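Chemist: Sharing a structure below in structure tokens format, with a few things to ask.
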Protein chains: 2
Amino acid sequence: MTVDTSARIRAAALELFSAHGYEQTSLREIADQVGITKASLYYHYPSKQALLSSLVDPLVEDSRAVIDEAERLEPTPENVRAVLGRQLDTILREQSLCGLLVRDAVAMIAVLAPRWEELLGLQSRMYAWLAGPGASPSRCVRAMAALETLAVPLKAAGQLPPIDEDELRTTLLDAALAVLGLH
Amino acid sequence: MTVDTSARIRAAALELFSAHGYEQTSLREIADQVGITKASLYYHYPSKQALLSSLVDPLVEDSRAVIDEAERLEPTPENVRAVLGRQLDTILREQSLCGLLVRDAVAMIAVLAPRWEELLGLQSRMYAWLAGPGASPSRCVRAMAALETLAVPLKAAGQLPPIDEDELRTTLLDAALAVLGLH
DNA sequence: GTCTATACCAGGATAGAC
DNA sequence: GTCTATCCTGGTATAGAC
């Protein structure tokens with residue numbers, strides 16, 4: 001077999017981390033879920049931190065791709081909507097991982113220090129692009145608020161009303177554009 | 001003296017919790033900062049959890065007051081702006097504590113279980129009032145997004161552009177109203 | 001590749017003296 | 001109100017057998 005034990009470990013870790021948080025999840029719980037022992041985890045990942053990184057790294061690269069592409073475009077209303085749409089798709093696709101990053105931010109900062117700085121840098125580039133060149137402070141704040149809008153499904157988890165995914169997507173994009181003053 | 005050691009403990013705890021997170025802050029660090037020993041903390045607070053509660057409880061009561069008052073009003077544009085303004089004032093006044101709740105949510109859930117449910121309940125009431133009676137799912141999502149907008153200063157901390165408090169306040173309120181489609 | 005066993009350390013909490 | 005000393009739990013990590 002060896003149906004990629006590493007992948008099964010990652011899956012279990014993501015599930016438990018996002019359910020109970022990083023600090024609150026012990027390596028023993030992860031091992032139990034996979035059906036191996038704690039010590040065996042150390043064969044696949046040298047530390048709890050490395051395991052977390054293996055989950056987060058691909059997301060960082062995805063985000064970088066979205067921003068790199070955005071910066072090649074003018075921030076016209078159509079382009080803004082398209083870029084925010086791509087960002088929202090990433091968030092919805094990687095919902096549990098993104099939720100972990102948001103709800104367990106302090107643990108992430110502590111454990112991912114360098115990677116976290118990278119993420120902040122990527123976010124700043126996105127803010128700047130959304131706000132446009134030479135934007136006022138007020139406009140920058142609105143750009144931040146627009147991105148927060150897309151993150152609503154990550155925090156509200158249990159509080160979201162029953163709504164189908166397409167309608168959710170459209171609603172959030174419309175709301176984000178409204179924050180930016182583009183309709 | 002005894003210039004209220006309990007108060008000094010609370011101040012130190014708030015500072016350290018919001019800087020490094022709840023789990024990452026040890027009772028020893030708090031004690032050191034106050035200039036007493038770990039054991040002495042236990043004279044003032046029976047547990048780490050109780051210490052956290054003593055910080056959070058007043059905020060919960062403040063929030064309840066805002067919502068109780070909102071529910072006595074019709075959600076007209078003027079009233080919505082006034083209520084959101086009061087909510088924003090609370091957030092800005094208790095910025096480090098609110099930031100802790102947002103950034104360290106998983107730890108808060110684990111430690112404050114009952115109190116956390118209360119907070120969620122209060123939030124739901126606010127969503128419901130903002131969205132108005134019999135609101136569509138889409139409108140509820142917008143109400144959530146409007147509240148998230150007010151929380152921007154809590155996450156962006158280091159990324160906020162230099163901006164004076166009044167302008168920040170106006171910008172966020174305008175943005176929140178835009179999300180709700182009220183101008 | 002996985003297991004058993006174990007060393008190690010940190011943090012929360014308590015007992016009892018002053 | 002504060003201290004010293006100590007207990008206990010639980011998580012990290014390693015060694016070495018299978």
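Lettering and numbering for the structure tokens are positional, with chains as A, B, ... in the shown order, residues counted from 1 in each chain, and ligands counted from 1 in the shown order.
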Enumerate, in order of chain and increasing residue number, the residues of chain C with an atom no farther than 12 Å from region 6-13 of chain D, each with its shortest atom pair and distance in Å to one decimal, counting only C-alpha atoms (C1' of nucleotides), as a Markdown table.
Modeler:
| residue | atom | partner | partner_atom | distance |
| --- | --- | --- | --- | --- |
| C:DT6 | C1' | D:DA13 | C1' | 10.4 |
| C:DA7 | C1' | D:DA13 | C1' | 8.8 |
| C:DC8 | C1' | D:DA13 | C1' | 8.4 |
| C:DC9 | C1' | D:DT12 | C1' | 8.6 |
| C:DA10 | C1' | D:DG11 | C1' | 9.1 |
| C:DG11 | C1' | D:DT9 | C1' | 9.3 |
| C:DG12 | C1' | D:DT9 | C1' | 8.9 |
| C:DA13 | C1' | D:DC7 | C1' | 8.5 |
| C:DT14 | C1' | D:DC7 | C1' | 8.0 |
| C:DA15 | C1' | D:DT6 | C1' | 8.6 |
| C:DG16 | C1' | D:DT6 | C1' | 11.2 |
Chemist: Can you spit out the residues from that selection as an mmCIF file, in the first residue's frame, using N, CA and C atoms (P, O5', C5', C4', C3', O3' and C1' of nucleotides)?
Modeler:
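Output contents, as saved in part-v7.cif:
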data_model
loop_
_atom_site.group_PDB
_atom_site.id
_atom_site.type_symbol
_atom_site.label_atom_id
_atom_site.label_comp_id
_atom_site.auth_asym_id
_atom_site.auth_seq_id
_atom_site.Cartn_x
_atom_site.Cartn_y
_atom_site.Cartn_z
ATOM 1 P P DT C 6 10.684 1.737 29.130
ATOM 2 O "O5'" DT C 6 11.503 3.084 28.967
ATOM 3 C "C5'" DT C 6 12.553 3.153 27.983
ATOM 4 C "C4'" DT C 6 12.892 4.608 27.734
ATOM 5 C "C3'" DT C 6 12.740 5.506 28.976
ATOM 6 O "O3'" DT C 6 13.925 6.248 29.124
ATOM 7 C "C1'" DT C 6 11.737 6.504 27.120
ATOM 8 P P DA C 7 14.323 6.822 30.567
ATOM 9 O "O5'" DA C 7 15.098 8.168 30.197
ATOM 10 C "C5'" DA C 7 15.928 8.200 29.035
ATOM 11 C "C4'" DA C 7 15.888 9.599 28.440
ATOM 12 C "C3'" DA C 7 15.944 10.704 29.494
ATOM 13 O "O3'" DA C 7 16.931 11.635 29.105
ATOM 14 C "C1'" DA C 7 14.074 11.007 28.058
ATOM 15 P P DC C 8 17.379 12.798 30.038
ATOM 16 O "O5'" DC C 8 16.401 13.931 29.565
ATOM 17 C "C5'" DC C 8 16.365 14.269 28.183
ATOM 18 C "C4'" DC C 8 15.310 15.322 28.012
ATOM 19 C "C3'" DC C 8 15.274 16.313 29.167
ATOM 20 O "O3'" DC C 8 15.759 17.546 28.674
ATOM 21 C "C1'" DC C 8 13.083 15.631 28.479
ATOM 22 P P DC C 9 16.047 18.746 29.665
ATOM 23 O "O5'" DC C 9 14.778 19.659 29.406
ATOM 24 C "C5'" DC C 9 14.306 19.838 28.065
ATOM 25 C "C4'" DC C 9 12.929 20.446 28.112
ATOM 26 C "C3'" DC C 9 12.790 21.512 29.188
ATOM 27 O "O3'" DC C 9 12.376 22.716 28.579
ATOM 28 C "C1'" DC C 9 10.985 19.943 29.269
ATOM 29 P P DA C 10 12.382 24.061 29.405
ATOM 30 O "O5'" DA C 10 10.849 24.442 29.246
ATOM 31 C "C5'" DA C 10 10.194 24.138 28.006
ATOM 32 C "C4'" DA C 10 8.722 24.383 28.188
ATOM 33 C "C3'" DA C 10 8.422 25.546 29.132
ATOM 34 O "O3'" DA C 10 7.333 26.283 28.615
ATOM 35 C "C1'" DA C 10 7.466 23.531 29.979
ATOM 36 P P DG C 11 6.904 27.651 29.268
ATOM 37 O "O5'" DG C 11 5.475 27.288 29.842
ATOM 38 C "C5'" DG C 11 4.532 26.645 28.986
ATOM 39 C "C4'" DG C 11 3.405 26.147 29.839
ATOM 40 C "C3'" DG C 11 2.963 27.172 30.881
ATOM 41 O "O3'" DG C 11 1.546 27.269 30.856
ATOM 42 C "C1'" DG C 11 3.483 25.103 31.926
ATOM 43 P P DG C 12 0.799 28.382 31.664
ATOM 44 O "O5'" DG C 12 -0.113 27.488 32.614
ATOM 45 C "C5'" DG C 12 -1.040 26.596 32.004
ATOM 46 C "C4'" DG C 12 -1.607 25.680 33.058
ATOM 47 C "C3'" DG C 12 -2.302 26.416 34.204
ATOM 48 O "O3'" DG C 12 -3.540 25.769 34.480
ATOM 49 C "C1'" DG C 12 -0.559 25.021 35.056
ATOM 50 P P DA C 13 -4.485 26.509 35.589
ATOM 51 O "O5'" DA C 13 -4.025 25.830 36.930
ATOM 52 C "C5'" DA C 13 -4.148 24.399 37.053
ATOM 53 C "C4'" DA C 13 -3.503 23.962 38.353
ATOM 54 C "C3'" DA C 13 -3.979 24.704 39.596
ATOM 55 O "O3'" DA C 13 -4.748 23.816 40.399
ATOM 56 C "C1'" DA C 13 -1.618 24.351 39.602
ATOM 57 P P DT C 14 -5.358 24.395 41.775
ATOM 58 O "O5'" DT C 14 -4.277 23.905 42.838
ATOM 59 C "C5'" DT C 14 -3.951 22.523 42.896
ATOM 60 C "C4'" DT C 14 -3.003 22.263 44.055
ATOM 61 C "C3'" DT C 14 -3.425 22.868 45.397
ATOM 62 O "O3'" DT C 14 -3.265 21.857 46.387
ATOM 63 C "C1'" DT C 14 -1.214 23.496 44.885
ATOM 64 P P DA C 15 -3.813 22.159 47.886
ATOM 65 O "O5'" DA C 15 -2.460 22.133 48.736
ATOM 66 C "C5'" DA C 15 -1.380 21.275 48.329
ATOM 67 C "C4'" DA C 15 -0.277 21.336 49.369
ATOM 68 C "C3'" DA C 15 -0.738 21.808 50.743
ATOM 69 O "O3'" DA C 15 0.063 21.166 51.737
ATOM 70 C "C1'" DA C 15 0.775 23.392 49.825
ATOM 71 P P DG C 16 -0.292 21.395 53.295
ATOM 72 O "O5'" DG C 16 0.804 22.467 53.733
ATOM 73 C "C5'" DG C 16 2.176 22.226 53.404
ATOM 74 C "C4'" DG C 16 2.987 23.432 53.791
ATOM 75 C "C3'" DG C 16 2.524 24.104 55.099
ATOM 76 O "O3'" DG C 16 3.680 24.562 55.784
ATOM 77 C "C1'" DG C 16 2.517 25.672 53.389
#
Chemist: Run DSSP on the backbone of this structure and report the residues of region 26-120 of chain A it assigns to alpha helix (DSSP H), as a ChimeraX atom specification.
Modeler: /A:27-34,38-44,48-70,77-93,95-103,105-120
Chemist: Applying 9 Å and only C-alpha atoms (C1' of nucleotides), which residues near Ala39 (chain A) remain after dropping the ones on its own chain fewer than 4 positions away? List them as a list in words.
Modeler: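 In the requested format, the answer is Leu27, Arg28, Ala31 and Tyr43 of chain A; DT2 and DC3 of chain C; DA13 of chain D.
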Chemist: I need the residues from that last selection saved to file as a CSV table (one decimal), in the first residue's frame (with C-alpha atoms (C1' of nucleotides)), if you can.
Modeler:
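Written output follows (out.csv):
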chain,number,residue,atom,x,y,z
A,27,LEU,CA,0.6,14.9,17.3
A,28,ARG,CA,-0.9,11.9,19.0
A,31,ALA,CA,-1.4,9.9,14.5
A,43,TYR,CA,9.6,9.8,9.9
C,2,DT,C1',6.3,1.6,11.5
C,3,DC,C1',6.5,0.4,16.3
D,13,DA,C1',11.7,14.4,20.3
Chemist: May I have the residues of chain D within 9 Å of chain B, counting only C-alpha atoms (C1' of nucleotides), written as a ChimeraX atom specification?
Modeler: /D:1-3
Chemist: Residues of chain A near chain B: apply a cut-off of 6 Å, count only C-alpha atoms, and supply the list as a PDB file with C-alpha atoms, in the first residue's frame.
Modeler:
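Just written: out18.pdb:
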ATOM      1  CA  GLY A  21      -6.620  24.911  16.226  1.00  0.00           C
ATOM      2  CA  ARG A 103      -8.983  32.126  13.193  1.00  0.00           C
ATOM      3  CA  ASP A 104      -5.658  30.884  14.535  1.00  0.00           C
ATOM      4  CA  ALA A 105      -3.541  33.775  13.384  1.00  0.00           C
ATOM      5  CA  VAL A 106      -1.400  34.088  16.497  1.00  0.00           C
ATOM      6  CA  PRO A 137      -5.273  56.656   3.164  1.00  0.00           C
ATOM      7  CA  ALA A 145     -12.180  46.341   3.786  1.00  0.00           C
ATOM      8  CA  THR A 149     -15.413  41.135   2.737  1.00  0.00           C
ATOM      9  CA  PRO A 161     -27.531  31.441   6.193  1.00  0.00           C
ATOM     10  CA  ALA A 175     -20.294  43.832  -1.655  1.00  0.00           C
ATOM     11  CA  ALA A 178     -19.500  48.474  -3.281  1.00  0.00           C
ATOM     12  CA  VAL A 179     -16.859  49.037  -0.608  1.00  0.00           C
TER      13      VAL A 179
END
Chemist: Provide the CA of Ala11 (chain A) to CA of Val66 (chain A) distance in Å, to one decimal place.
Modeler: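 Separation between CA of Ala11 (chain A) and CA of Val66 (chain A): 24.5 Å.
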Chemist: Using only C-alpha atoms (C1' of nucleotides), which residues sit within 10 Å of DG16 (chain D) once same-chain residues fewer than 2 positions away are excluded, as a list of chain:residue names?
Modeler: C:DT4, C:DA5, D:DT14, D:DC18
Chemist: Can you spit out the residues from that selection as a compact mmCIF listing (two decimals), in the first residue's frame, using N, CA, C and O atoms (P, O5', C5', C4', C3', O3' and C1' of nucleotides)?
Modeler:
# COMPACT_ATOMS: atom_id res chain seq x y z
P DT C 4 3.33 -0.08 19.47
O5' DT C 4 4.56 -0.40 20.44
C5' DT C 4 5.38 -1.55 20.27
C4' DT C 4 6.51 -1.48 21.29
C3' DT C 4 6.12 -0.88 22.63
O3' DT C 4 6.77 -1.60 23.67
C1' DT C 4 7.85 0.42 21.67
P DA C 5 6.49 -1.21 25.22
O5' DA C 5 7.77 -0.34 25.60
C5' DA C 5 9.04 -0.63 25.02
C4' DA C 5 10.02 0.45 25.45
C3' DA C 5 9.66 1.12 26.78
O3' DA C 5 10.81 1.13 27.61
C1' DA C 5 9.97 2.75 25.10
P DT D 14 14.93 15.08 17.45
O5' DT D 14 15.38 13.73 18.17
C5' DT D 14 15.91 13.82 19.49
C4' DT D 14 16.23 12.42 20.00
C3' DT D 14 16.90 11.51 18.96
O3' DT D 14 18.02 10.89 19.57
C1' DT D 14 15.03 10.42 19.91
P DC D 18 13.89 -7.20 18.09
O5' DC D 18 12.90 -6.90 16.90
C5' DC D 18 11.50 -6.74 17.16
C4' DC D 18 10.82 -6.41 15.84
C3' DC D 18 11.07 -7.44 14.74
O3' DC D 18 9.86 -8.13 14.46
C1' DC D 18 11.22 -5.20 13.94
Chemist: Can you list, as a list in words, every protein, DNA or RNA residue that comes within 10 Å of Leu52 (chain B) when you count only C-alpha atoms (C1' of nucleotides), leaving out same-chain residues fewer than 2 positions away?
Modeler: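 My reading of the contact set: Arg10, Ala13, Leu14, Phe17, Tyr22, Tyr45, Ser47, Lys48, Gln49, Ala50, Ser54, Leu55, Val56, Asp57, Met108, Val111 and Leu112 of chain B.
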Chemist: Just to confirm, what's the straight-line distance from C1' of DA17 (chain C) to CA of Ala12 (chain B) in Å (one decimal)?
Modeler: 27.8 Å
Chemist: As an exercise, work out the distance from CA of Tyr42 (chain A) to CA of Thr25 (chain A) in Å and give it to one decimal place.
Modeler: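 Computing it gives 15.7 Å between the two atoms.
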